[in-house]
Amino acid sequence: MRIIRAVLHEEVRTSDIELVTRSLEETQRIGADIGEGAEIGDLILLVGDLGAGKTCFTQGIARGLGLADYTSSPSFVLVKEYQGRLNLYHIDFYRLDDIREIAELGMSDYLNRDGICVVEWADRALDLLPEEHLLIKFEHLAVNERRLRFEPRGQRYAGFVEELKGKWNLR
Ligand SMILES: Nc1ncnc2c1ncn2[C@@H]1O[C@H](COP(=O)(O)OP(=O)(O)O)[C@@H](O)[C@H]1O
Ligand SMILES: [Mg+2]
């Protein structure tokens, strides 16, 4: 992994990070670091075009959580559950027909359980999701290159991103 830069803001968002991965494996490795550092109740929102790497990244998170039986994106259902050190609730809004489906899904139920929530296509319902979260934006740069931008919202996630900066030697 080659780190491009840590983006520092004057405003509240003091600890955004940008980095570029040059393979699927690198993206999964970053995801695994997130999975290792995750705590109960964490909410991780993934945003980016089709093929940007959101599902690959979630596979990495699953590995970091020690989940052996992770399959794939829950493209045809709204949510898939996996049991591990912490449970993983993998949610995908790609096929969301109606915003009301989220209310029916009971997002807060998932967040108050014994695991973490990872939401693909979170931008389709950002207003309905808790304000405090770790937002990760994926951008397709080249065939095997993706830019990942981490935008923590709230103290828990600012702290988490600080930890990651240490781990990735960003400073
Ligand atoms: N650096 C990279 N990071 C992640 N995926 C990559 C990378 N380079 C190439 N790819 C490929 O891009 C695709 C990403 O697919 P996927 O994770 O399903 O995207 P999404 O869930 O965002 O639609 C995979 O086919 C993967 O092999
Ligand atoms: Mg996907």
# chains A, B, ... in the order shown; residues from 1 in each chain; ligands from 1

$ residues_near_ligand --ligand "ligand 1" --cutoff "12 Å" --atoms "only C-alpha atoms and all ligand atoms" --output "MDAnalysis selection string"
chainID A and resid 1:2 19:31 45:60 71:75 90:94 118:122 136:148

$ select_by_dssp --residues "chain A" --states "alpha helix (DSSP H)" --output "PyMOL selection string"
chain A and resi 24-37+54-64+100-105+107-111+155-167

$ write_last_selection --atoms "C-alpha atoms" --output "mmCIF file, in the first residue's frame"
data_model
loop_
_atom_site.group_PDB
_atom_site.id
_atom_site.type_symbol
_atom_site.label_atom_id
_atom_site.label_comp_id
_atom_site.auth_asym_id
_atom_site.auth_seq_id
_atom_site.Cartn_x
_atom_site.Cartn_y
_atom_site.Cartn_z
ATOM 1 C CA LEU A 24 -7.915 -6.123 -4.543
ATOM 2 C CA GLU A 25 -5.714 -7.662 -1.832
ATOM 3 C CA GLU A 26 -4.530 -4.266 -0.627
ATOM 4 C CA THR A 27 -8.107 -3.093 -0.304
ATOM 5 C CA GLN A 28 -8.962 -6.234 1.651
ATOM 6 C CA ARG A 29 -5.966 -5.702 3.911
ATOM 7 C CA ILE A 30 -7.174 -2.196 4.761
ATOM 8 C CA GLY A 31 -10.619 -3.674 5.424
ATOM 9 C CA ALA A 32 -9.089 -6.302 7.707
ATOM 10 C CA ASP A 33 -7.473 -3.551 9.795
ATOM 11 C CA ILE A 34 -10.911 -2.019 10.230
ATOM 12 C CA GLY A 35 -12.335 -5.410 11.227
ATOM 13 C CA GLU A 36 -9.577 -5.919 13.787
ATOM 14 C CA GLY A 37 -10.143 -2.550 15.402
ATOM 15 C CA LYS A 54 -17.014 -1.828 -1.376
ATOM 16 C CA THR A 55 -17.714 -5.548 -1.258
ATOM 17 C CA CYS A 56 -14.009 -6.494 -1.443
ATOM 18 C CA PHE A 57 -13.414 -4.141 1.434
ATOM 19 C CA THR A 58 -16.206 -5.772 3.430
ATOM 20 C CA GLN A 59 -14.606 -9.171 2.816
ATOM 21 C CA GLY A 60 -11.515 -7.732 4.463
ATOM 22 C CA ILE A 61 -13.558 -6.491 7.416
ATOM 23 C CA ALA A 62 -15.029 -9.984 7.780
ATOM 24 C CA ARG A 63 -11.543 -11.466 7.814
ATOM 25 C CA GLY A 64 -10.425 -8.945 10.418
ATOM 26 C CA ARG A 100 -39.297 3.124 3.729
ATOM 27 C CA GLU A 101 -37.665 -0.302 3.513
ATOM 28 C CA ILE A 102 -34.979 1.039 5.801
ATOM 29 C CA ALA A 103 -37.490 1.922 8.473
ATOM 30 C CA GLU A 104 -38.877 -1.600 8.161
ATOM 31 C CA LEU A 105 -35.411 -3.050 8.374
ATOM 32 C CA MET A 107 -31.472 -0.189 11.457
ATOM 33 C CA SER A 108 -31.319 0.718 15.129
ATOM 34 C CA ASP A 109 -32.020 -2.913 16.069
ATOM 35 C CA TYR A 110 -28.913 -3.991 14.207
ATOM 36 C CA LEU A 111 -26.845 -1.221 15.734
ATOM 37 C CA GLN A 155 -15.575 10.964 18.648
ATOM 38 C CA ARG A 156 -15.533 7.185 18.486
ATOM 39 C CA TYR A 157 -14.685 7.246 14.786
ATOM 40 C CA ALA A 158 -12.225 10.128 15.032
ATOM 41 C CA GLY A 159 -10.381 8.017 17.614
ATOM 42 C CA PHE A 160 -10.611 4.930 15.439
ATOM 43 C CA VAL A 161 -9.135 6.795 12.486
ATOM 44 C CA GLU A 162 -6.333 8.111 14.706
ATOM 45 C CA GLU A 163 -5.508 4.483 15.576
ATOM 46 C CA LEU A 164 -5.493 3.572 11.898
ATOM 47 C CA LYS A 165 -3.181 6.465 11.105
ATOM 48 C CA GLY A 166 -0.745 5.027 13.612
ATOM 49 C CA LYS A 167 -1.070 1.576 12.138
#

$ atom_distance --atom1 "atom CA of Phe150 of chain A" --atom2 "atom CA of Arg113 of chain A"
24.3 Å

$ select_by_dssp --residues "segment 1-170 of chain A" --states "strand (DSSP E or B)" --output "MDAnalysis selection string"
chainID A and resid 2:6 17:21 43:47 79:82 87:92 115:120 133:142 145:153

$ closest_residue --among "A:Leu128, A:Arg85, A:Arg95, A:Ile17" --to "ligand 2" --atoms "only C-alpha atoms and all ligand atoms"
A:Arg95

$ atom_distance --atom1 "atom CA of Gly84 of chain A" --atom2 "atom CA of Leu67 of chain A"
5.2 Å

$ atom_distance --atom1 "atom CA of Ser15 of chain A" --atom2 "atom CA of Leu129 of chain A"
21.0 Å

$ closest_residue --among "A:Leu86, A:Ile40, A:Leu65, A:Leu78" --to "ligand 2" --atoms "only C-alpha atoms and all ligand atoms"
A:Leu78
